[in-house]
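Colleague: Dropping in model35.pdb, with PDB, C-alpha atoms.
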ATOM      1  CA  MET R 698     123.226 106.844  89.116  1.00  0.00           C
ATOM      2  CA  PHE R 699     122.484 108.184  92.608  1.00  0.00           C
ATOM      3  CA  ASN R 700     123.401 111.764  93.462  1.00  0.00           C
ATOM      4  CA  ARG R 701     122.793 114.287  96.226  1.00  0.00           C
ATOM      5  CA  SER R 702     120.007 116.144  94.411  1.00  0.00           C
ATOM      6  CA  MET R 703     118.049 112.889  94.023  1.00  0.00           C
ATOM      7  CA  PHE R 704     118.488 112.196  97.758  1.00  0.00           C
ATOM      8  CA  ALA R 705     117.392 115.740  98.665  1.00  0.00           C
ATOM      9  CA  ALA R 706     114.308 115.474  96.429  1.00  0.00           C
ATOM     10  CA  SER R 707     113.408 112.092  97.962  1.00  0.00           C
ATOM     11  CA  GLY R 708     113.824 113.481 101.474  1.00  0.00           C
ATOM     12  CA  ARG R 709     111.577 116.469 100.678  1.00  0.00           C
ATOM     13  CA  ALA R 710     108.973 114.140  99.174  1.00  0.00           C
ATOM     14  CA  VAL R 711     108.898 111.943 102.304  1.00  0.00           C
ATOM     15  CA  LEU R 712     108.654 114.934 104.667  1.00  0.00           C
ATOM     16  CA  THR R 713     105.973 116.609 102.560  1.00  0.00           C
ATOM     17  CA  SER R 714     104.019 113.347 102.338  1.00  0.00           C
ATOM     18  CA  ALA R 715     104.136 112.861 106.111  1.00  0.00           C
ATOM     19  CA  ALA R 716     103.019 116.462 106.660  1.00  0.00           C
ATOM     20  CA  ILE R 717     100.063 116.086 104.265  1.00  0.00           C
ATOM     21  CA  VAL R 718      98.843 112.884 105.919  1.00  0.00           C
ATOM     22  CA  ALA R 719      99.246 114.389 109.418  1.00  0.00           C
ATOM     23  CA  LEU R 720      97.404 117.578 108.398  1.00  0.00           C
ATOM     24  CA  VAL R 721      94.476 115.695 106.884  1.00  0.00           C
ATOM     25  CA  PHE R 722      94.088 113.407 109.912  1.00  0.00           C
ATOM     26  CA  ALA R 723      94.388 116.395 112.293  1.00  0.00           C
ATOM     27  CA  LEU R 724      91.766 118.505 110.477  1.00  0.00           C
ATOM     28  CA  ALA R 725      89.206 115.765 109.859  1.00  0.00           C
ATOM     29  CA  PRO R 726      87.583 115.786 113.354  1.00  0.00           C
ATOM     30  CA  VAL R 727      87.412 119.605 113.352  1.00  0.00           C
ATOM     31  CA  ALA R 728      85.756 119.623 109.914  1.00  0.00           C
ATOM     32  CA  ASN R 729      83.078 117.078 110.930  1.00  0.00           C
ATOM     33  CA  ALA R 730      84.362 114.726 108.243  1.00  0.00           C
ATOM     34  CA  GLY R 731      82.437 111.657 107.176  1.00  0.00           C
ATOM     35  CA  GLY R 732      85.695 109.908 106.294  1.00  0.00           C
ATOM     36  CA  VAL R 733      89.423 110.406 106.032  1.00  0.00           C
ATOM     37  CA  GLY R 734      91.969 108.728 103.797  1.00  0.00           C
ATOM     38  CA  PHE R 735      95.138 108.725 101.759  1.00  0.00           C
ATOM     39  CA  ASP R 736      96.206 107.746  98.274  1.00  0.00           C
ATOM     40  CA  VAL R 737      99.233 107.110  96.120  1.00  0.00           C
ATOM     41  CA  ALA R 738      99.259 108.191  92.507  1.00  0.00           C
ATOM     42  CA  TYR R 739     101.012 107.765  89.224  1.00  0.00           C
ATOM     43  CA  ILE R 740     101.196 111.231  87.642  1.00  0.00           C
ATOM     44  CA  SER R 741     101.977 111.894  83.981  1.00  0.00           C
ATOM     45  CA  PRO R 742     102.919 115.597  83.714  1.00  0.00           C
ATOM     46  CA  GLU R 743     103.085 117.207  80.294  1.00  0.00           C
ATOM     47  CA  GLY R 744     106.694 117.284  79.025  1.00  0.00           C
ATOM     48  CA  PHE R 745     108.040 114.866  81.674  1.00  0.00           C
ATOM     49  CA  ASP R 746     108.108 111.128  82.228  1.00  0.00           C
ATOM     50  CA  GLY R 747     105.643 109.796  84.785  1.00  0.00           C
ATOM     51  CA  THR R 748     106.252 109.990  88.515  1.00  0.00           C
ATOM     52  CA  PHE R 749     104.624 108.991  91.807  1.00  0.00           C
ATOM     53  CA  GLY R 750     102.824 111.210  94.275  1.00  0.00           C
ATOM     54  CA  VAL R 751     100.933 111.042  97.548  1.00  0.00           C
ATOM     55  CA  GLY R 752      97.841 112.669  98.923  1.00  0.00           C
ATOM     56  CA  GLY R 753      95.442 112.895 101.802  1.00  0.00           C
ATOM     57  CA  PHE R 754      91.755 113.818 101.913  1.00  0.00           C
ATOM     58  CA  PHE R 755      88.680 113.925 104.036  1.00  0.00           C
ATOM     59  CA  THR R 756      85.068 113.612 102.930  1.00  0.00           C
ATOM     60  CA  LEU R 757      82.410 116.083 104.022  1.00  0.00           C
ATOM     61  CA  ASP R 758      78.819 114.939 103.856  1.00  0.00           C
ATOM     62  CA  THR R 759      76.566 117.572 102.280  1.00  0.00           C
ATOM     63  CA  GLY R 760      73.254 116.226 103.544  1.00  0.00           C
ATOM     64  CA  MET R 761      72.389 115.176  99.994  1.00  0.00           C
ATOM     65  CA  THR R 762      72.537 111.420  99.502  1.00  0.00           C
ATOM     66  CA  ASN R 763      74.780 111.256  96.443  1.00  0.00           C
ATOM     67  CA  LEU R 764      76.885 114.417  96.760  1.00  0.00           C
ATOM     68  CA  GLN R 765      80.088 114.827  98.786  1.00  0.00           C
ATOM     69  CA  ILE R 766      82.739 117.511  99.096  1.00  0.00           C
ATOM     70  CA  GLU R 767      86.324 116.310  99.448  1.00  0.00           C
ATOM     71  CA  PRO R 768      89.072 118.722 100.566  1.00  0.00           C
ATOM     72  CA  PHE R 769      92.474 117.289  99.652  1.00  0.00           C
ATOM     73  CA  ALA R 770      96.213 117.874  99.647  1.00  0.00           C
ATOM     74  CA  GLY R 771      98.721 116.238  97.317  1.00  0.00           C
ATOM     75  CA  TYR R 772     102.387 116.315  96.360  1.00  0.00           C
ATOM     76  CA  TRP R 773     104.498 115.004  93.492  1.00  0.00           C
ATOM     77  CA  SER R 774     107.947 115.755  92.123  1.00  0.00           C
ATOM     78  CA  ARG R 775     109.902 114.698  89.046  1.00  0.00           C
ATOM     79  CA  THR R 776     113.583 115.165  88.141  1.00  0.00           C
ATOM     80  CA  GLU R 777     115.011 114.093  84.787  1.00  0.00           C
ATOM     81  CA  GLY R 778     118.447 114.162  83.238  1.00  0.00           C
ATOM     82  CA  MET R 779     121.941 113.501  84.497  1.00  0.00           C
ATOM     83  CA  PRO R 780     123.931 115.300  87.216  1.00  0.00           C
ATOM     84  CA  GLY R 781     124.893 118.679  85.819  1.00  0.00           C
ATOM     85  CA  ASP R 782     122.058 118.623  83.264  1.00  0.00           C
ATOM     86  CA  GLU R 783     118.768 118.125  85.111  1.00  0.00           C
ATOM     87  CA  ALA R 784     115.259 119.499  84.884  1.00  0.00           C
ATOM     88  CA  SER R 785     112.736 119.208  87.703  1.00  0.00           C
ATOM     89  CA  LEU R 786     109.110 120.006  88.404  1.00  0.00           C
ATOM     90  CA  SER R 787     107.138 119.635  91.643  1.00  0.00           C
ATOM     91  CA  ASP R 788     103.599 120.423  92.738  1.00  0.00           C
ATOM     92  CA  LEU R 789     102.010 120.835  96.174  1.00  0.00           C
ATOM     93  CA  THR R 790      98.229 121.131  95.813  1.00  0.00           C
ATOM     94  CA  LEU R 791      95.538 122.229  98.261  1.00  0.00           C
ATOM     95  CA  GLY R 792      92.021 121.961  96.894  1.00  0.00           C
ATOM     96  CA  ALA R 793      88.544 120.480  97.027  1.00  0.00           C
ATOM     97  CA  ARG R 794      86.493 118.234  94.768  1.00  0.00           C
ATOM     98  CA  GLY R 795      82.770 117.718  94.487  1.00  0.00           C
ATOM     99  CA  LYS R 796      81.775 114.101  93.869  1.00  0.00           C
ATOM    100  CA  TYR R 797      78.527 112.611  92.664  1.00  0.00           C
ATOM    101  CA  ASN R 798      78.133 108.984  93.809  1.00  0.00           C
ATOM    102  CA  PHE R 799      75.976 106.703  91.653  1.00  0.00           C
ATOM    103  CA  ASN R 800      73.651 104.735  93.906  1.00  0.00           C
ATOM    104  CA  LEU R 801      73.864 101.072  92.826  1.00  0.00           C
ATOM    105  CA  PRO R 802      72.460  99.174  95.843  1.00  0.00           C
ATOM    106  CA  SER R 803      73.230  95.641  94.641  1.00  0.00           C
ATOM    107  CA  ALA R 804      76.658  96.413  93.137  1.00  0.00           C
ATOM    108  CA  PRO R 805      79.851  95.555  95.062  1.00  0.00           C
ATOM    109  CA  VAL R 806      81.393  98.893  93.983  1.00  0.00           C
ATOM    110  CA  GLN R 807      80.209 102.497  94.038  1.00  0.00           C
ATOM    111  CA  PRO R 808      81.214 104.540  90.971  1.00  0.00           C
ATOM    112  CA  TYR R 809      81.512 108.336  91.121  1.00  0.00           C
ATOM    113  CA  ILE R 810      82.382 111.323  88.964  1.00  0.00           C
ATOM    114  CA  GLY R 811      83.669 114.678  90.080  1.00  0.00           C
ATOM    115  CA  VAL R 812      85.095 118.107  89.421  1.00  0.00           C
ATOM    116  CA  GLY R 813      87.460 120.094  91.563  1.00  0.00           C
ATOM    117  CA  ALA R 814      89.593 123.162  91.945  1.00  0.00           C
ATOM    118  CA  GLY R 815      92.801 123.840  93.792  1.00  0.00           C
ATOM    119  CA  LEU R 816      95.764 126.058  94.352  1.00  0.00           C
ATOM    120  CA  HIS R 817      98.980 124.534  92.992  1.00  0.00           C
ATOM    121  CA  PHE R 818     102.339 125.604  94.405  1.00  0.00           C
ATOM    122  CA  LEU R 819     104.689 124.746  91.540  1.00  0.00           C
ATOM    123  CA  LYS R 820     108.463 124.710  91.424  1.00  0.00           C
ATOM    124  CA  ALA R 821     110.461 124.214  88.232  1.00  0.00           C
ATOM    125  CA  GLY R 822     114.225 124.047  88.099  1.00  0.00           C
ATOM    126  CA  ALA R 823     117.142 123.255  85.864  1.00  0.00           C
ATOM    127  CA  ASP R 824     120.821 122.531  86.481  1.00  0.00           C
ATOM    128  CA  PHE R 825     122.995 122.862  83.417  1.00  0.00           C
ATOM    129  CA  THR R 826     126.671 122.953  82.554  1.00  0.00           C
ATOM    130  CA  LEU R 827     127.935 125.516  80.090  1.00  0.00           C
ATOM    131  CA  GLY R 828     131.621 126.172  79.487  1.00  0.00           C
ATOM    132  CA  GLY R 829     132.602 124.019  82.460  1.00  0.00           C
ATOM    133  CA  GLN R 830     130.398 126.027  84.863  1.00  0.00           C
ATOM    134  CA  THR R 831     127.300 124.490  86.418  1.00  0.00           C
ATOM    135  CA  SER R 832     124.391 126.879  86.850  1.00  0.00           C
ATOM    136  CA  ASN R 833     121.024 126.537  88.520  1.00  0.00           C
ATOM    137  CA  LEU R 834     117.760 128.134  87.506  1.00  0.00           C
ATOM    138  CA  SER R 835     114.701 127.818  89.761  1.00  0.00           C
ATOM    139  CA  VAL R 836     111.220 129.307  89.427  1.00  0.00           C
ATOM    140  CA  THR R 837     108.286 129.033  91.821  1.00  0.00           C
ATOM    141  CA  ASP R 838     104.722 129.979  91.028  1.00  0.00           C
ATOM    142  CA  SER R 839     101.195 129.552  92.356  1.00  0.00           C
ATOM    143  CA  GLU R 840      98.530 128.582  89.840  1.00  0.00           C
ATOM    144  CA  PHE R 841      94.822 127.887  90.020  1.00  0.00           C
ATOM    145  CA  GLY R 842      93.875 124.493  88.617  1.00  0.00           C
ATOM    146  CA  LEU R 843      90.794 122.522  87.640  1.00  0.00           C
ATOM    147  CA  ASP R 844      90.281 118.737  87.884  1.00  0.00           C
ATOM    148  CA  VAL R 845      87.802 116.389  86.212  1.00  0.00           C
ATOM    149  CA  GLY R 846      87.633 112.691  86.902  1.00  0.00           C
ATOM    150  CA  GLY R 847      85.980 109.782  88.567  1.00  0.00           C
ATOM    151  CA  GLY R 848      86.512 106.411  90.110  1.00  0.00           C
ATOM    152  CA  ILE R 849      85.123 103.557  92.133  1.00  0.00           C
ATOM    153  CA  SER R 850      84.911 102.919  95.839  1.00  0.00           C
ATOM    154  CA  ILE R 851      84.984  99.318  97.074  1.00  0.00           C
ATOM    155  CA  PRO R 852      83.539  98.879 100.593  1.00  0.00           C
ATOM    156  CA  VAL R 853      85.568  96.314 102.534  1.00  0.00           C
ATOM    157  CA  SER R 854      83.721  96.872 105.820  1.00  0.00           C
ATOM    158  CA  PRO R 855      81.286  99.498 107.161  1.00  0.00           C
ATOM    159  CA  ALA R 856      84.271 101.573 108.344  1.00  0.00           C
ATOM    160  CA  PHE R 857      86.808 100.980 105.545  1.00  0.00           C
ATOM    161  CA  SER R 858      86.867 101.145 101.750  1.00  0.00           C
ATOM    162  CA  LEU R 859      89.419 100.973  98.970  1.00  0.00           C
ATOM    163  CA  ARG R 860      89.228 103.195  95.929  1.00  0.00           C
ATOM    164  CA  GLY R 861      90.689 103.665  92.503  1.00  0.00           C
ATOM    165  CA  GLU R 862      90.304 106.835  90.512  1.00  0.00           C
ATOM    166  CA  GLY R 863      91.554 108.841  87.573  1.00  0.00           C
ATOM    167  CA  TRP R 864      91.813 112.638  87.341  1.00  0.00           C
ATOM    168  CA  TYR R 865      92.839 115.046  84.637  1.00  0.00           C
ATOM    169  CA  SER R 866      94.242 118.382  85.854  1.00  0.00           C
ATOM    170  CA  PHE R 867      94.476 121.703  84.013  1.00  0.00           C
ATOM    171  CA  VAL R 868      96.971 123.991  85.773  1.00  0.00           C
ATOM    172  CA  GLY R 869      98.032 127.263  84.173  1.00  0.00           C
ATOM    173  CA  SER R 870      99.456 126.420  80.766  1.00  0.00           C
ATOM    174  CA  THR R 871     100.151 122.753  81.569  1.00  0.00           C
ATOM    175  CA  GLU R 872      98.124 119.649  82.311  1.00  0.00           C
ATOM    176  CA  TRP R 873      98.527 116.098  83.552  1.00  0.00           C
ATOM    177  CA  ALA R 874      96.692 112.850  84.131  1.00  0.00           C
ATOM    178  CA  SER R 875      96.816 110.868  87.362  1.00  0.00           C
ATOM    179  CA  ALA R 876      95.771 107.351  88.335  1.00  0.00           C
ATOM    180  CA  ARG R 877      95.249 106.951  92.081  1.00  0.00           C
ATOM    181  CA  ILE R 878      94.651 104.110  94.522  1.00  0.00           C
ATOM    182  CA  GLY R 879      93.815 104.729  98.138  1.00  0.00           C
ATOM    183  CA  ALA R 880      91.986 103.843 101.310  1.00  0.00           C
ATOM    184  CA  GLN R 881      89.258 105.639 103.229  1.00  0.00           C
ATOM    185  CA  PHE R 882      88.287 105.232 106.878  1.00  0.00           C
ATOM    186  CA  THR R 883      84.709 106.180 107.793  1.00  0.00           C
ATOM    187  CA  MET R 884      84.389 108.258 110.940  1.00  0.00           C
TER     188      MET R 884
END
Take the structure in the file and give it back as structure tokens.
Modeller:
Amino acid sequence: MFNRSMFAASGRAVLTSAAIVALVFALAPVANAGGVGFDVAYISPEGFDGTFGVGGFFTLDTGMTNLQIEPFAGYWSRTEGMPGDEASLSDLTLGARGKYNFNLPSAPVQPYIGVGAGLHFLKAGADFTLGGQTSNLSVTDSEFGLDVGGGISIPVSPAFSLRGEGWYSFVGSTEWASARIGAQFTM
């Protein structure tokens, strides 16, 4: 069933997604980025069903052949329940990951592993009905988080590649897994 809170959450997700992509593309030339891109993700937060998220990133070359630094921004949100009895959780992340690329010259893909850290702006909320009265509880918090993961990059042309990756995030007292697919444009 569709309700106003679902529409508001969807609207916030679209606006936040557009802002993240615009910010990443705007900062990339200033940061002397080697590439810029975006991804979509399936996120599985602890205690909630899975949800979808979006992100943007740019790649900074370190001068070392196999090592890159990747500042990123991402957003996801999940609401569960029925109108009047809902729980929600959202996360806006700003962070950076270090990636080690395995050099496989004859392979059509380039695998990598990485670790990262970020600041997570979390919001949790609940709407509940008790005695005929609907109440709302909302909490926001900022938490430091760590990521571990890896993936593959598939060069399509010298200026464009597709990628698939998986990350596991530890944020405060919770954690989640994410599977991401995206595209990167070399600058």
Colleague: Counting only C-alpha atoms, which residues of range 823-847 of chain R fall within 7 Å of range 782-786 of chain R, and what is the closest atom pair for each with its distance in Å at one decimal, ordered by chain and rising number, as a tab-separated table?
Modeller:
residue	atom	partner	partner_atom	distance
R:Ala823	CA	R:Ala784	CA	4.3
R:Asp824	CA	R:Glu783	CA	5.1
R:Phe825	CA	R:Asp782	CA	4.3
R:Thr826	CA	R:Asp782	CA	6.4
Colleague: Any idea what the distance is between CA of Phe769 in chain R and CA of Leu789 in chain R?
Modeller: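 CA of Leu789 in chain R lies 10.8 Å from CA of Phe769 in chain R.
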Colleague: Enumerate, in order of chain and increasing residue number, the residues of range 762-843 of chain R with an atom no farther than 12 Å from range 736-755 of chain R, each with its shortest atom pair and distance in Å to one decimal, counting all atoms listed in the file, as CSV.
Modeller:
residue,atom,partner,partner_atom,distance
R:Gln765,CA,R:Phe755,CA,10.1
R:Ile766,CA,R:Phe755,CA,8.5
R:Glu767,CA,R:Phe755,CA,5.7
R:Pro768,CA,R:Phe754,CA,5.7
R:Phe769,CA,R:Phe754,CA,4.2
R:Ala770,CA,R:Gly753,CA,5.5
R:Gly771,CA,R:Gly752,CA,4.0
R:Tyr772,CA,R:Gly750,CA,5.5
R:Trp773,CA,R:Gly750,CA,4.2
R:Ser774,CA,R:Thr748,CA,7.0
R:Arg775,CA,R:Thr748,CA,6.0
R:Thr776,CA,R:Phe745,CA,8.5
R:Glu777,CA,R:Phe745,CA,7.7
R:Gly778,CA,R:Phe745,CA,10.5
R:Glu783,CA,R:Phe745,CA,11.7
R:Ala784,CA,R:Phe745,CA,9.2
R:Ser785,CA,R:Phe745,CA,8.8
R:Leu786,CA,R:Phe745,CA,8.5
R:Ser787,CA,R:Gly750,CA,9.8
R:Asp788,CA,R:Gly750,CA,9.4
R:Leu789,CA,R:Gly752,CA,9.6
R:Thr790,CA,R:Gly752,CA,9.0
R:Leu791,CA,R:Gly752,CA,9.9
R:Gly792,CA,R:Phe754,CA,9.6
R:Ala793,CA,R:Phe754,CA,8.9
R:Arg794,CA,R:Phe754,CA,9.9
R:Gly795,CA,R:Phe755,CA,11.9
R:Ala821,CA,R:Phe745,CA,11.7
Colleague: Those selected residues, please, written with C-alpha atoms and delivered as a short mmCIF file (atom, residue, chain, number, x, y, z; two decimals), keeping the file's coordinate frame.
Modeller:
data_model
loop_
_atom_site.label_atom_id
_atom_site.label_comp_id
_atom_site.auth_asym_id
_atom_site.auth_seq_id
_atom_site.Cartn_x
_atom_site.Cartn_y
_atom_site.Cartn_z
CA GLN R 765 80.09 114.83 98.79
CA ILE R 766 82.74 117.51 99.10
CA GLU R 767 86.32 116.31 99.45
CA PRO R 768 89.07 118.72 100.57
CA PHE R 769 92.47 117.29 99.65
CA ALA R 770 96.21 117.87 99.65
CA GLY R 771 98.72 116.24 97.32
CA TYR R 772 102.39 116.32 96.36
CA TRP R 773 104.50 115.00 93.49
CA SER R 774 107.95 115.76 92.12
CA ARG R 775 109.90 114.70 89.05
CA THR R 776 113.58 115.16 88.14
CA GLU R 777 115.01 114.09 84.79
CA GLY R 778 118.45 114.16 83.24
CA GLU R 783 118.77 118.12 85.11
CA ALA R 784 115.26 119.50 84.88
CA SER R 785 112.74 119.21 87.70
CA LEU R 786 109.11 120.01 88.40
CA SER R 787 107.14 119.64 91.64
CA ASP R 788 103.60 120.42 92.74
CA LEU R 789 102.01 120.84 96.17
CA THR R 790 98.23 121.13 95.81
CA LEU R 791 95.54 122.23 98.26
CA GLY R 792 92.02 121.96 96.89
CA ALA R 793 88.54 120.48 97.03
CA ARG R 794 86.49 118.23 94.77
CA GLY R 795 82.77 117.72 94.49
CA ALA R 821 110.46 124.21 88.23
#
Colleague: Grab the CA of Ser858 in chain R to CA of Gly760 in chain R distance for me, in Å with one decimal place.
Modeller: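 Separation of CA of Ser858 in chain R and CA of Gly760 in chain R: 20.4 Å.
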Colleague: Any idea what the distance is between CA of Pro805 in chain R and CA of Ile851 in chain R?
Modeller: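 Between CA of Pro805 in chain R and CA of Ile851 in chain R the gap is 6.7 Å.
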Colleague: Specify as JSON, numbers by chain each residue included when the PyMOL selection byres ((chain R and resi 836) around 6) is applied to this file.
Modeller: {"R": [820, 821, 835, 837]}
Colleague: Print the selection's residues with C-alpha atoms to a file, as a CSV table (one decimal), keeping the file's coordinate frame.
Modeller:
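What landed in result_12.csv:
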chain,number,residue,atom,x,y,z
R,820,LYS,CA,108.5,124.7,91.4
R,821,ALA,CA,110.5,124.2,88.2
R,835,SER,CA,114.7,127.8,89.8
R,837,THR,CA,108.3,129.0,91.8
Colleague: For the structure shown, which residues end up in the PyMOL selection byres ((chain R and resi 882) around 6)? Put them as a PyMOL selection string, please?
Modeller: chain R and resi 732-734+856-857+881+883
Colleague: Mind telling me what the PyMOL selection byres ((chain R and resi 838-847) around 10) catches here, as a PyMOL selection string?
Modeller: chain R and resi 788-790+792-798+808-821+836-837+848-849+861-876
Colleague: Could you check which of R:Phe735, R:Leu859, R:Gly781, R:Arg877 is closest to Ser832 in chain R, using all atoms listed in the file?
Modeller: R:Gly781
Colleague: Tell me which of R:Asn763, R:Thr756, R:Asn833, R:Ser850 sits closest to Gln807 in chain R, counting all atoms listed in the file.
Modeller: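 Answer, going by the shortest atom-to-atom distance: R:Ser850.
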